[in-house]
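query-v7.cif, holding mmCIF, C-alpha atoms and all ligand atoms:
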data_model
loop_
_atom_site.group_PDB
_atom_site.id
_atom_site.type_symbol
_atom_site.label_atom_id
_atom_site.label_comp_id
_atom_site.auth_asym_id
_atom_site.auth_seq_id
_atom_site.Cartn_x
_atom_site.Cartn_y
_atom_site.Cartn_z
ATOM 1 C CA MET B 916 141.134 107.949 85.538
ATOM 2 C CA SER B 917 143.887 108.975 83.101
ATOM 3 C CA ALA B 918 145.245 106.328 80.733
ATOM 4 C CA THR B 919 148.646 108.054 80.717
ATOM 5 C CA PRO B 920 151.305 105.773 82.255
ATOM 6 C CA ARG B 921 152.875 107.317 85.356
ATOM 7 C CA ILE B 922 156.383 106.070 84.563
ATOM 8 C CA GLN B 923 158.109 107.645 81.568
ATOM 9 C CA VAL B 924 159.951 104.923 79.659
ATOM 10 C CA PRO B 925 163.140 106.313 77.979
ATOM 11 C CA GLN B 926 162.740 106.324 74.191
ATOM 12 C CA ASN B 927 166.326 105.298 73.435
ATOM 13 C CA LEU B 928 167.478 102.676 75.896
ATOM 14 C CA ASP B 929 171.039 102.777 74.489
ATOM 15 C CA GLU B 930 171.459 106.464 75.340
ATOM 16 C CA PRO B 931 173.396 106.871 78.605
ATOM 17 C CA LEU B 932 171.708 108.794 81.417
ATOM 18 C CA PRO B 933 172.761 112.431 81.792
ATOM 19 C CA MET B 934 175.804 112.777 84.046
ATOM 20 C CA THR B 935 175.011 114.402 87.390
ATOM 21 C CA LEU B 936 176.983 115.380 90.497
ATOM 22 C CA PRO B 937 175.767 112.301 92.455
ATOM 23 C CA ARG B 938 176.771 110.034 89.558
ATOM 24 C CA ILE B 939 180.244 111.646 89.408
ATOM 25 C CA ALA B 940 180.667 111.109 93.168
ATOM 26 C CA GLU B 941 179.387 107.532 92.783
ATOM 27 C CA LYS B 942 182.005 106.838 90.126
ATOM 28 C CA LYS B 943 184.747 107.766 92.576
ATOM 29 C CA ARG B 944 183.173 105.579 95.274
ATOM 30 C CA LEU B 945 182.999 102.611 92.884
ATOM 31 C CA GLY B 946 186.513 103.223 91.533
ATOM 32 C CA GLU B 947 185.173 103.791 87.998
ATOM 33 C CA PRO B 948 187.541 106.120 86.085
ATOM 34 C CA ILE B 949 185.956 109.463 85.158
ATOM 35 C CA VAL B 950 186.584 110.564 81.575
ATOM 36 C CA MET B 951 186.792 114.298 80.904
ATOM 37 C CA VAL B 952 187.767 116.071 77.696
ATOM 38 C CA THR B 953 187.726 119.671 76.553
ATOM 39 C CA ALA B 954 185.499 120.943 73.737
ATOM 40 C CA TYR B 955 185.134 124.403 72.254
ATOM 41 C CA ASP B 956 182.438 124.263 69.578
ATOM 42 C CA TYR B 957 179.433 122.315 68.284
ATOM 43 C CA PRO B 958 181.320 119.613 66.336
ATOM 44 C CA SER B 959 183.845 118.903 69.115
ATOM 45 C CA ALA B 960 180.952 118.667 71.587
ATOM 46 C CA GLN B 961 179.167 116.198 69.303
ATOM 47 C CA VAL B 962 182.360 114.111 69.123
ATOM 48 C CA ALA B 963 182.605 114.103 72.937
ATOM 49 C CA GLN B 964 178.927 113.148 73.143
ATOM 50 C CA ASP B 965 179.237 110.286 70.670
ATOM 51 C CA ALA B 966 182.464 109.043 72.291
ATOM 52 C CA GLY B 967 180.611 108.705 75.602
ATOM 53 C CA VAL B 968 182.722 110.914 77.874
ATOM 54 C CA ASP B 969 181.456 111.787 81.361
ATOM 55 C CA ILE B 970 182.463 115.446 81.692
ATOM 56 C CA VAL B 971 183.119 118.081 79.030
ATOM 57 C CA LEU B 972 185.176 121.130 79.961
ATOM 58 C CA VAL B 973 185.024 124.288 77.893
ATOM 59 C CA GLY B 974 188.591 125.015 78.895
ATOM 60 C CA ASP B 975 190.244 128.394 78.602
ATOM 61 C CA SER B 976 192.832 126.369 76.653
ATOM 62 C CA GLY B 977 190.423 127.252 73.818
ATOM 63 C CA ALA B 978 192.123 130.665 73.899
ATOM 64 C CA MET B 979 195.106 128.956 72.290
ATOM 65 C CA THR B 980 193.619 125.952 70.479
ATOM 66 C CA VAL B 981 190.748 127.687 68.682
ATOM 67 C CA LEU B 982 191.229 131.452 69.119
ATOM 68 C CA GLY B 983 194.967 131.592 68.418
ATOM 69 C CA TYR B 984 196.065 133.577 71.484
ATOM 70 C CA PRO B 985 199.621 132.907 72.730
ATOM 71 C CA SER B 986 198.338 131.889 76.204
ATOM 72 C CA THR B 987 195.077 131.435 78.117
ATOM 73 C CA VAL B 988 195.373 134.872 79.725
ATOM 74 C CA PRO B 989 193.822 137.173 77.059
ATOM 75 C CA VAL B 990 190.543 135.288 76.493
ATOM 76 C CA SER B 991 187.458 137.242 77.626
ATOM 77 C CA THR B 992 184.315 136.043 79.369
ATOM 78 C CA ASP B 993 182.256 136.894 76.278
ATOM 79 C CA GLU B 994 184.538 134.770 74.080
ATOM 80 C CA MET B 995 184.355 131.861 76.545
ATOM 81 C CA LEU B 996 180.562 132.176 76.697
ATOM 82 C CA MET B 997 180.304 131.964 72.916
ATOM 83 C CA LEU B 998 182.403 128.771 72.908
ATOM 84 C CA ALA B 999 180.457 127.298 75.847
ATOM 85 C CA SER B 1000 177.066 128.021 74.242
ATOM 86 C CA ALA B 1001 178.116 126.204 71.072
ATOM 87 C CA VAL B 1002 179.326 123.226 73.126
ATOM 88 C CA ARG B 1003 176.033 123.155 75.050
ATOM 89 C CA ARG B 1004 174.134 122.828 71.756
ATOM 90 C CA GLY B 1005 176.222 119.769 70.842
ATOM 91 C CA LEU B 1006 175.762 117.862 74.123
ATOM 92 C CA ARG B 1007 172.973 115.797 75.631
ATOM 93 C CA THR B 1008 174.433 113.667 78.403
ATOM 94 C CA PRO B 1009 177.933 114.719 79.596
ATOM 95 C CA PHE B 1010 178.227 117.112 82.548
ATOM 96 C CA LEU B 1011 179.278 120.521 81.201
ATOM 97 C CA VAL B 1012 181.865 122.644 83.024
ATOM 98 C CA GLY B 1013 182.806 126.164 81.912
ATOM 99 C CA ASP B 1014 186.251 127.561 82.722
ATOM 100 C CA LEU B 1015 186.212 131.026 84.326
ATOM 101 C CA PRO B 1016 188.828 133.032 82.417
ATOM 102 C CA PHE B 1017 191.675 134.989 83.982
ATOM 103 C CA GLY B 1018 190.477 138.296 85.424
ATOM 104 C CA SER B 1019 186.814 137.274 85.609
ATOM 105 C CA TYR B 1020 186.646 136.043 89.218
ATOM 106 C CA GLU B 1021 189.683 137.067 91.254
ATOM 107 C CA ALA B 1022 188.703 140.624 92.272
ATOM 108 C CA SER B 1023 185.797 139.871 94.616
ATOM 109 C CA ASP B 1024 183.194 137.273 95.566
ATOM 110 C CA GLU B 1025 180.583 139.404 93.796
ATOM 111 C CA GLN B 1026 182.585 139.400 90.559
ATOM 112 C CA ALA B 1027 183.116 135.620 90.827
ATOM 113 C CA ILE B 1028 179.404 134.914 91.410
ATOM 114 C CA ALA B 1029 178.311 137.261 88.605
ATOM 115 C CA THR B 1030 180.683 135.610 86.091
ATOM 116 C CA ALA B 1031 179.730 132.092 87.196
ATOM 117 C CA GLN B 1032 176.044 132.960 86.822
ATOM 118 C CA ARG B 1033 176.648 134.036 83.210
ATOM 119 C CA PHE B 1034 178.134 130.608 82.413
ATOM 120 C CA ILE B 1035 175.016 128.941 83.855
ATOM 121 C CA LYS B 1036 172.349 131.342 82.518
ATOM 122 C CA GLU B 1037 173.778 132.356 79.143
ATOM 123 C CA ALA B 1038 175.755 129.273 78.121
ATOM 124 C CA GLY B 1039 173.831 126.516 79.899
ATOM 125 C CA CYS B 1040 176.836 125.106 81.791
ATOM 126 C CA ASP B 1041 176.220 122.773 84.738
ATOM 127 C CA ALA B 1042 179.232 124.010 86.713
ATOM 128 C CA VAL B 1043 182.269 126.276 86.519
ATOM 129 C CA LYS B 1044 185.973 125.739 87.087
ATOM 130 C CA LEU B 1045 188.484 128.179 88.539
ATOM 131 C CA GLU B 1046 192.225 127.989 89.071
ATOM 132 C CA ARG B 1047 194.526 128.059 92.144
ATOM 133 C CA GLY B 1048 194.177 127.817 95.881
ATOM 134 C CA GLY B 1049 194.842 130.957 97.943
ATOM 135 C CA THR B 1050 192.232 133.645 97.335
ATOM 136 C CA SER B 1051 190.470 131.408 94.795
ATOM 137 C CA VAL B 1052 189.322 129.196 97.696
ATOM 138 C CA GLN B 1053 187.107 131.992 99.033
ATOM 139 C CA ARG B 1054 185.822 132.698 95.477
ATOM 140 C CA ALA B 1055 184.999 129.016 95.059
ATOM 141 C CA LYS B 1056 183.102 129.013 98.355
ATOM 142 C CA ALA B 1057 181.153 132.129 97.370
ATOM 143 C CA ILE B 1058 180.134 130.574 94.041
ATOM 144 C CA VAL B 1059 179.195 127.257 95.700
ATOM 145 C CA ASP B 1060 177.159 129.150 98.325
ATOM 146 C CA SER B 1061 175.319 130.916 95.500
ATOM 147 C CA GLY B 1062 174.160 127.499 94.266
ATOM 148 C CA ILE B 1063 176.614 126.849 91.437
ATOM 149 C CA PRO B 1064 178.825 123.726 91.487
ATOM 150 C CA VAL B 1065 182.559 124.458 91.266
ATOM 151 C CA MET B 1066 185.535 122.396 90.114
ATOM 152 C CA GLY B 1067 188.934 123.472 91.490
ATOM 153 C CA HIS B 1068 192.291 123.308 89.685
ATOM 154 C CA VAL B 1069 195.684 123.025 91.431
ATOM 155 C CA GLY B 1070 199.278 122.225 90.529
ATOM 156 C CA LEU B 1071 200.227 123.886 87.252
ATOM 157 C CA THR B 1072 197.651 126.634 86.800
ATOM 158 C CA PRO B 1073 198.253 128.141 83.342
ATOM 159 C CA GLN B 1074 196.477 131.454 84.114
ATOM 160 C CA THR B 1075 199.228 132.251 86.650
ATOM 161 C CA ALA B 1076 202.066 130.258 85.083
ATOM 162 C CA THR B 1077 204.363 133.308 85.059
ATOM 163 C CA ALA B 1078 204.164 133.526 88.859
ATOM 164 C CA LEU B 1079 204.877 129.781 89.054
ATOM 165 C CA GLY B 1080 208.090 130.256 87.055
ATOM 166 C CA GLY B 1081 206.683 129.020 83.752
ATOM 167 C CA HIS B 1082 204.717 126.054 82.456
ATOM 168 C CA LYS B 1083 206.452 123.458 84.586
ATOM 169 C CA ALA B 1084 205.460 120.609 86.855
ATOM 170 C CA GLN B 1085 204.508 121.512 90.423
ATOM 171 C CA GLY B 1086 204.789 119.588 93.689
ATOM 172 C CA ARG B 1087 208.301 118.310 93.023
ATOM 173 C CA THR B 1088 209.662 119.422 96.385
ATOM 174 C CA ALA B 1089 208.126 118.513 99.753
ATOM 175 C CA ASP B 1090 207.234 122.170 100.404
ATOM 176 C CA ASN B 1091 205.641 122.640 97.003
ATOM 177 C CA ALA B 1092 203.745 119.335 97.296
ATOM 178 C CA LEU B 1093 202.426 120.567 100.666
ATOM 179 C CA THR B 1094 201.184 123.752 98.984
ATOM 180 C CA VAL B 1095 199.344 121.684 96.369
ATOM 181 C CA ALA B 1096 197.931 119.466 99.128
ATOM 182 C CA ARG B 1097 196.723 122.384 101.250
ATOM 183 C CA ASP B 1098 195.132 124.070 98.235
ATOM 184 C CA ALA B 1099 193.309 120.867 97.246
ATOM 185 C CA VAL B 1100 192.005 120.242 100.774
ATOM 186 C CA ALA B 1101 190.937 123.895 101.093
ATOM 187 C CA LEU B 1102 189.018 123.701 97.795
ATOM 188 C CA GLN B 1103 187.295 120.531 99.016
ATOM 189 C CA GLN B 1104 186.371 122.287 102.283
ATOM 190 C CA ALA B 1105 185.068 125.244 100.246
ATOM 191 C CA GLY B 1106 182.548 122.840 98.677
ATOM 192 C CA CYS B 1107 184.132 122.057 95.293
ATOM 193 C CA PHE B 1108 182.639 118.872 93.832
ATOM 194 C CA SER B 1109 185.934 117.892 92.153
ATOM 195 C CA VAL B 1110 189.451 119.180 91.603
ATOM 196 C CA VAL B 1111 191.843 119.061 88.644
ATOM 197 C CA PHE B 1112 195.474 118.172 89.402
ATOM 198 C CA GLU B 1113 197.706 119.441 86.600
ATOM 199 C CA ALA B 1114 201.357 118.439 86.122
ATOM 200 C CA ILE B 1115 202.219 117.028 89.527
ATOM 201 C CA PRO B 1116 204.216 113.867 90.275
ATOM 202 C CA ALA B 1117 202.208 110.641 90.197
ATOM 203 C CA ALA B 1118 203.527 109.721 93.657
ATOM 204 C CA VAL B 1119 202.188 112.998 95.095
ATOM 205 C CA THR B 1120 198.754 112.266 93.621
ATOM 206 C CA GLU B 1121 198.880 108.794 95.206
ATOM 207 C CA VAL B 1122 199.414 110.344 98.621
ATOM 208 C CA LEU B 1123 196.810 113.088 98.191
ATOM 209 C CA ILE B 1124 194.058 110.876 96.808
ATOM 210 C CA GLU B 1125 193.885 109.145 100.193
ATOM 211 C CA HIS B 1126 193.041 112.465 101.847
ATOM 212 C CA LEU B 1127 190.385 113.720 99.423
ATOM 213 C CA GLU B 1128 186.750 112.700 99.299
ATOM 214 C CA ILE B 1129 185.998 114.580 96.077
ATOM 215 C CA PRO B 1130 187.046 113.139 92.684
ATOM 216 C CA VAL B 1131 190.472 114.204 91.433
ATOM 217 C CA ILE B 1132 190.721 114.628 87.673
ATOM 218 C CA GLY B 1133 194.330 114.399 86.579
ATOM 219 C CA ILE B 1134 196.209 115.875 83.644
ATOM 220 C CA GLY B 1135 199.826 114.907 83.995
ATOM 221 C CA ALA B 1136 199.122 113.713 87.536
ATOM 222 C CA GLY B 1137 199.527 109.959 87.030
ATOM 223 C CA PRO B 1138 197.156 107.001 87.098
ATOM 224 C CA ALA B 1139 196.028 107.275 90.732
ATOM 225 C CA ALA B 1140 193.663 110.158 89.925
ATOM 226 C CA ASP B 1141 189.941 109.306 89.870
ATOM 227 C CA GLY B 1142 189.707 110.488 86.279
ATOM 228 C CA GLN B 1143 191.714 111.980 83.443
ATOM 229 C CA VAL B 1144 191.300 115.048 81.277
ATOM 230 C CA LEU B 1145 193.048 115.931 78.025
ATOM 231 C CA VAL B 1146 192.698 118.852 75.666
ATOM 232 C CA PHE B 1147 190.678 117.817 72.602
ATOM 233 C CA HIS B 1148 193.157 119.270 70.107
ATOM 234 C CA ASP B 1149 196.135 117.643 71.872
ATOM 235 C CA LEU B 1150 194.714 114.133 72.065
ATOM 236 C CA LEU B 1151 193.491 114.197 68.469
ATOM 237 C CA GLY B 1152 196.607 115.854 67.053
ATOM 238 C CA ILE B 1153 194.753 118.880 65.661
ATOM 239 C CA TYR B 1154 196.863 121.566 67.297
ATOM 240 C CA ASP B 1155 200.239 122.349 65.779
ATOM 241 C CA GLY B 1156 201.860 123.920 68.846
ATOM 242 C CA HIS B 1157 204.030 122.588 71.672
ATOM 243 C CA VAL B 1158 202.500 119.680 73.580
ATOM 244 C CA ALA B 1159 203.273 118.899 77.192
ATOM 245 C CA ARG B 1160 204.950 115.666 78.342
ATOM 246 C CA PHE B 1161 201.628 114.389 79.696
ATOM 247 C CA VAL B 1162 199.842 114.492 76.337
ATOM 248 C CA LYS B 1163 199.244 111.264 74.492
ATOM 249 C CA ARG B 1164 198.200 111.631 70.874
ATOM 250 C CA PHE B 1165 195.401 109.182 70.096
ATOM 251 C CA ALA B 1166 194.998 110.362 66.487
ATOM 252 C CA ASP B 1167 196.745 112.533 63.907
ATOM 253 C CA VAL B 1168 193.781 114.516 62.656
ATOM 254 C CA ARG B 1169 195.744 117.616 61.571
ATOM 255 C CA THR B 1170 197.825 115.609 59.108
ATOM 256 C CA GLN B 1171 194.637 114.172 57.642
ATOM 257 C CA MET B 1172 193.015 117.616 57.477
ATOM 258 C CA VAL B 1173 196.014 119.166 55.695
ATOM 259 C CA ALA B 1174 196.161 116.204 53.294
ATOM 260 C CA GLY B 1175 192.425 116.512 52.571
ATOM 261 C CA VAL B 1176 192.558 120.263 51.876
ATOM 262 C CA ALA B 1177 195.759 119.859 49.790
ATOM 263 C CA GLU B 1178 194.085 117.156 47.685
ATOM 264 C CA TYR B 1179 191.029 119.381 47.212
ATOM 265 C CA ALA B 1180 193.298 122.268 46.139
ATOM 266 C CA ALA B 1181 195.140 120.007 43.678
ATOM 267 C CA GLU B 1182 191.871 118.729 42.166
ATOM 268 C CA VAL B 1183 190.452 122.251 41.769
ATOM 269 C CA ARG B 1184 193.670 123.319 40.032
ATOM 270 C CA SER B 1185 193.758 120.257 37.778
ATOM 271 C CA GLY B 1186 190.025 120.425 36.968
ATOM 272 C CA ALA B 1187 189.365 116.973 38.467
ATOM 273 C CA PHE B 1188 186.891 118.538 40.903
ATOM 274 C CA PRO B 1189 183.979 119.039 40.576
ATOM 275 C CA ALA B 1190 183.121 115.897 38.576
ATOM 276 C CA ALA B 1191 179.757 115.120 36.961
ATOM 277 C CA GLU B 1192 178.416 113.531 40.160
ATOM 278 C CA HIS B 1193 178.919 116.813 42.034
ATOM 279 C CA THR B 1194 176.871 118.911 39.604
ATOM 280 C CA TYR B 1195 173.136 119.479 38.968
ATOM 281 C CA SER B 1196 171.411 118.816 35.636
ATOM 282 C CA ILE B 1197 168.819 120.854 33.730
ATOM 283 C CA ASP B 1198 166.343 119.615 31.200
ATOM 284 C CA GLU B 1199 167.693 120.092 27.614
ATOM 285 C CA GLU B 1200 164.615 122.041 26.527
ATOM 286 C CA GLU B 1201 164.822 124.381 29.486
ATOM 287 C CA LEU B 1202 168.494 124.930 28.790
ATOM 288 C CA ALA B 1203 167.808 125.693 25.135
ATOM 289 C CA ARG B 1204 165.087 128.217 26.069
ATOM 290 C CA PHE B 1205 167.405 129.804 28.635
ATOM 291 C CA ARG B 1206 170.183 130.098 26.008
ATOM 292 C CA ALA B 1207 167.793 131.634 23.520
ATOM 293 C CA GLU B 1208 166.502 134.211 25.979
ATOM 294 C CA PHE B 1209 169.795 135.289 27.521
HETATM 295 O O1 LIG V 1 191.711 124.913 79.992
HETATM 296 C C1 LIG V 1 191.841 123.690 80.057
HETATM 297 O O2 LIG V 1 191.796 122.970 79.048
HETATM 298 C C2 LIG V 1 192.067 123.093 81.371
HETATM 299 C C3 LIG V 1 192.372 121.635 81.407
HETATM 300 C C4 LIG V 1 193.759 121.403 80.977
HETATM 301 C C5 LIG V 1 192.099 121.046 82.738
HETATM 302 O O3 LIG V 1 192.020 123.758 82.340
#

What would you get if you wrote out this structure as structure tokens?
Ligand code: KIV
Amino acid sequence: MSATPRIQVPQNLDEPLPMTLPRIAEKKRLGEPIVMVTAYDYPSAQVAQDAGVDIVLVGDSGAMTVLGYPSTVPVSTDEMLMLASAVRRGLRTPFLVGDLPFGSYEASDEQAIATAQRFIKEAGCDAVKLERGGTSVQRAKAIVDSGIPVMGHVGLTPQTATALGGHKAQGRTADNALTVARDAVALQQAGCFSVVFEAIPAAVTEVLIEHLEIPVIGIGAGPAADGQVLVFHDLLGIYDGHVARFVKRFADVRTQMVAGVAEYAAEVRSGAFPAAEHTYSIDEEELARFRAEF
């Protein structure tokens, strides 16, 4: 008989268990808020890991926050996959969702499945996210049917913000709120495991949450949502662009980064850096021999 114990005891009992779809659904059932944040590279993923978030989204907001594009529209699948792969390497426990970029899933079910598969196979994502109701509902269903979990996204959908009349709140008329509601219910029926509500009135979320079984992750959708998501660079104050009304800054990292680099520049210019403790020594005899031979 083997002496190997049958039950594997976790090595680090403080480490949370990896987040899974059943655990995300359980959180909604128990009324435990779900914490989601975006990340775009290895260090931001490590920060999300150490901070103990539940879900990490490699958002196409990375087009603007880390790649410097003017909107989320230009980012390519290859660029998103590079960001997502780096995030994967920095995570152990949060559930990882990759954002399908504009133009990578709308044309056909086949295109949507092929792009979603790349996020799973090449970047190691656990799920993908796509934007809008309408034709995206059928794309979501096709991806779900192919065995890949999908998160929906309704309300303000930045990939098609021009068609929505700009980056503005949605669901502020009864008709528009009904559109948001129908899209959310359709995405749930298509098999999405969760849906993001972006920039819709808190009172509309309160009504809709009663009609949805899947967790709603809000960004500018009020406190009734089952969870919240914010863009990493917005919440930490790293990004120097416009921030939406729904952003709360929890830190002012950019100011600290600029101050740090400015101090470094000043010390290099004044000669204060590097000091003796930042340099390596050489034995006097070796130095003398080196001088003599050079
Ligand atoms: O791209 C992104 O960061 C997003 C979140 C705002 C939900 O889609």

Rounded to one decimal, what separation in Å do you get between atom CA of Pro1189 of chain B and atom CA of Val1168 of chain B?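 For atom CA of Pro1189 of chain B relative to atom CA of Val1168 of chain B, the distance reads 24.6 Å.
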
Test item: residues no farther than 9 Å from ligand LIG 1 (chain V), counting all atoms listed in the file, as a VMD selection string: chain B and resid 951 to 954 972 to 978 987 1014 1016 1044 to 1046 1068 1072 to 1073 1111 to 1113 1132 to 1134 1144 to 1147

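Proximity to Glu947 of chain B was assessed for B:Leu1150, B:Lys1056, B:Asp1167, B:Asp969 counting all atoms listed in the file; the smallest distance is recorded for B:Asp969.
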
Residue nearest Val1043 of chain B among B:Glu1121, B:Phe1108, B:Ala1159, B:Gly1018 (counting all atoms listed in the file):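 Of the candidates, the smallest distance to Val1043 of chain B is held by B:Phe1108.
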
Selection under test: the PyMOL selection byres (((chain B and resi 1020) around 10) and not hetatm); residues as an mmCIF file with C-alpha atoms, keeping the file's coordinate frame:
data_model
loop_
_atom_site.group_PDB
_atom_site.id
_atom_site.type_symbol
_atom_site.label_atom_id
_atom_site.label_comp_id
_atom_site.auth_asym_id
_atom_site.auth_seq_id
_atom_site.Cartn_x
_atom_site.Cartn_y
_atom_site.Cartn_z
ATOM 1 C CA LEU B 1015 186.212 131.026 84.326
ATOM 2 C CA PRO B 1016 188.828 133.032 82.417
ATOM 3 C CA PHE B 1017 191.675 134.989 83.982
ATOM 4 C CA GLY B 1018 190.477 138.296 85.424
ATOM 5 C CA SER B 1019 186.814 137.274 85.609
ATOM 6 C CA GLU B 1021 189.683 137.067 91.254
ATOM 7 C CA ALA B 1022 188.703 140.624 92.272
ATOM 8 C CA SER B 1023 185.797 139.871 94.616
ATOM 9 C CA ASP B 1024 183.194 137.273 95.566
ATOM 10 C CA GLU B 1025 180.583 139.404 93.796
ATOM 11 C CA GLN B 1026 182.585 139.400 90.559
ATOM 12 C CA ALA B 1027 183.116 135.620 90.827
ATOM 13 C CA ILE B 1028 179.404 134.914 91.410
ATOM 14 C CA ALA B 1029 178.311 137.261 88.605
ATOM 15 C CA THR B 1030 180.683 135.610 86.091
ATOM 16 C CA ALA B 1031 179.730 132.092 87.196
ATOM 17 C CA LEU B 1045 188.484 128.179 88.539
ATOM 18 C CA GLU B 1046 192.225 127.989 89.071
ATOM 19 C CA SER B 1051 190.470 131.408 94.795
ATOM 20 C CA ARG B 1054 185.822 132.698 95.477
ATOM 21 C CA ALA B 1055 184.999 129.016 95.059
ATOM 22 C CA ILE B 1058 180.134 130.574 94.041
#

With the file shown as input, list the residues that the PyMOL selection byres (((chain B and resi 1103) around 10) and not hetatm) selects, as a list in words. Val1052, Ala1055, Lys1056, Val1065, Met1066, Gly1067, Arg1097, Asp1098, Ala1099, Val1100, Ala1101, Leu1102, Gln1104, Ala1105, Gly1106, Cys1107, Phe1108, Ser1109, Val1110, Leu1127, Glu1128, Ile1129 and Pro1130 of chain B

Compile the contact shell of Ala1136 of chain B as number ranges by chain: residues with an atom at most 9 Å away, counting only C-alpha atoms, same-chain residues fewer than 5 positions apart removed. B: 1112-1120, 1143, 1161

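When only C-alpha atoms are used to compute distances to Val1158 of chain B, the closest of the residues B:His1126, B:Arg1087, B:His1082, B:Lys942 turns out to be B:His1082.
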
Atom CA of His1148 of chain B and atom CA of Thr1077 of chain B, how far apart in Å? 23.4 Å

Starting from the displayed file, determine the output of the PyMOL selection byres (((chain B and resi 958) around 12) and not hetatm) and express the residue list as a PyMOL selection string. chain B and resi 954-957+959-965+998+1001-1006+1147

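For the choices B:Val1059, B:Pro1064, B:Gln1053, B:Tyr1154, the atom-to-atom distance to Thr935 of chain B is smallest for B:Pro1064 when using only C-alpha atoms.
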
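One distance worth recording is that between atom CA of Val1122 of chain B and atom CA of Ala1139 of chain B, which is 9.1 Å.
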
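Closest approach to Met997 of chain B from the set B:Val981, B:Gln1171, B:Val1012, B:Glu1037 is made by B:Glu1037, with distances taken over only C-alpha atoms.
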
May I ask which of the residues B:Ala1207, B:Tyr984, B:Val1183, B:Thr992 is the closest one to Gly1156 of chain B, counting all atoms listed in the file? B:Tyr984
